[in-house]
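In what follows, a structure is listed as structure tokens, so that the remarks can point back to it.
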Amino acid sequence: MTNLPTEESAPDEIELIKKKMEDFLNQKKECQKRVRKLMAAEDPSQGIFHNQEIFALQQDSLRLEVEAEFCRKKINRLSLGYES
């Protein structure tokens, strides 16, 4: 037996996914703010570098962007009735 979403559950699921997507995008913005802050705090003349932290945050930002994109695509599939 398949677990197909009913007409009533699809809008509820879409709302939950929208909230997750919004959370991912907010986390991405925070990562980008932290990257800018770390880049501004670097001082090459004194040997102050934050390259590992910046790289890790940039990777995390990209991951969050992909997660948000997956959410957007799932919302589209649910809206069109393709998602089971």
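To be explicit about the labels: the chains of the structure tokens are called A, B, and onward in the order shown, and within each one the residues are counted from 1, while ligands get numbers from 1 in the order they are shown.
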Can you check which residues of chain A DSSP gives as helix (DSSP H, G or I) on the backbone and send them as a PyMOL selection string? chain A and resi 9-41+44-46+51-80
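With only C-alpha atoms as the atoms that count, the residue of A:Ala56, A:Leu38, A:Ala10, A:Met21 with the shortest distance to Glu69 in chain A is A:Met21.
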Near range 63-65 of chain A, counting only C-alpha atoms, which residues have an atom at most 10 Å away, once you skip same-chain residues fewer than 4 positions from it, shown as a list in words? Met21, Asp23, Phe24, Leu25, Asn26, Gln27, Lys28, Lys29, Cys31, Leu57, Gln58, Gln59, Glu69, Phe70 and Cys71 of chain A
Take the residues from that selection and write them out as a PDB file, in the first residue's frame, keeping N, CA and C atoms.
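Contents of part_20.pdb, freshly written:
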ATOM      1  N   MET A  21      12.615  25.432   4.234  1.00  0.00           N
ATOM      2  CA  MET A  21      13.367  26.162   3.231  1.00  0.00           C
ATOM      3  C   MET A  21      13.757  27.542   3.763  1.00  0.00           C
ATOM      4  N   ASP A  23      14.156  28.369   6.849  1.00  0.00           N
ATOM      5  CA  ASP A  23      15.180  28.162   7.872  1.00  0.00           C
ATOM      6  C   ASP A  23      16.549  27.953   7.224  1.00  0.00           C
ATOM      7  N   PHE A  24      16.600  27.139   6.165  1.00  0.00           N
ATOM      8  CA  PHE A  24      17.855  26.930   5.455  1.00  0.00           C
ATOM      9  C   PHE A  24      18.405  28.241   4.905  1.00  0.00           C
ATOM     10  N   LEU A  25      17.527  29.055   4.320  1.00  0.00           N
ATOM     11  CA  LEU A  25      17.963  30.330   3.747  1.00  0.00           C
ATOM     12  C   LEU A  25      18.444  31.293   4.827  1.00  0.00           C
ATOM     13  N   ASN A  26      17.784  31.287   5.985  1.00  0.00           N
ATOM     14  CA  ASN A  26      18.232  32.135   7.100  1.00  0.00           C
ATOM     15  C   ASN A  26      19.598  31.689   7.612  1.00  0.00           C
ATOM     16  N   GLN A  27      19.796  30.367   7.708  1.00  0.00           N
ATOM     17  CA  GLN A  27      21.093  29.846   8.135  1.00  0.00           C
ATOM     18  C   GLN A  27      22.180  30.223   7.133  1.00  0.00           C
ATOM     19  N   LYS A  28      21.837  30.190   5.851  1.00  0.00           N
ATOM     20  CA  LYS A  28      22.792  30.563   4.809  1.00  0.00           C
ATOM     21  C   LYS A  28      23.193  32.030   4.958  1.00  0.00           C
ATOM     22  N   LYS A  29      22.212  32.894   5.216  1.00  0.00           N
ATOM     23  CA  LYS A  29      22.519  34.315   5.412  1.00  0.00           C
ATOM     24  C   LYS A  29      23.457  34.515   6.600  1.00  0.00           C
ATOM     25  N   CYS A  31      25.628  32.351   7.756  1.00  0.00           N
ATOM     26  CA  CYS A  31      26.957  31.892   7.343  1.00  0.00           C
ATOM     27  C   CYS A  31      27.668  32.966   6.538  1.00  0.00           C
ATOM     28  N   LEU A  57      32.733  27.673   6.400  1.00  0.00           N
ATOM     29  CA  LEU A  57      31.468  28.412   6.343  1.00  0.00           C
ATOM     30  C   LEU A  57      30.949  28.527   4.910  1.00  0.00           C
ATOM     31  N   GLN A  58      31.859  28.703   3.956  1.00  0.00           N
ATOM     32  CA  GLN A  58      31.437  28.769   2.559  1.00  0.00           C
ATOM     33  C   GLN A  58      30.863  27.428   2.101  1.00  0.00           C
ATOM     34  N   GLN A  59      31.472  26.334   2.527  1.00  0.00           N
ATOM     35  CA  GLN A  59      30.933  25.012   2.202  1.00  0.00           C
ATOM     36  C   GLN A  59      29.556  24.827   2.821  1.00  0.00           C
ATOM     37  N   GLU A  69      17.131  24.519  -2.237  1.00  0.00           N
ATOM     38  CA  GLU A  69      16.725  24.216  -3.610  1.00  0.00           C
ATOM     39  C   GLU A  69      15.948  22.899  -3.664  1.00  0.00           C
ATOM     40  N   PHE A  70      16.386  21.904  -2.903  1.00  0.00           N
ATOM     41  CA  PHE A  70      15.640  20.640  -2.829  1.00  0.00           C
ATOM     42  C   PHE A  70      14.228  20.882  -2.297  1.00  0.00           C
ATOM     43  N   CYS A  71      14.119  21.728  -1.292  1.00  0.00           N
ATOM     44  CA  CYS A  71      12.801  22.058  -0.731  1.00  0.00           C
ATOM     45  C   CYS A  71      11.927  22.730  -1.790  1.00  0.00           C
TER      46      CYS A  71
END
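The space between CA of Lys74 in chain A and CA of Ile17 in chain A spans 8.0 Å.
The space between CA of Ser9 in chain A and CA of Glu67 in chain A spans 22.0 Å.
With CA of Phe55 in chain A on one side and CA of Glu42 in chain A on the other, the separation reads 13.6 Å.
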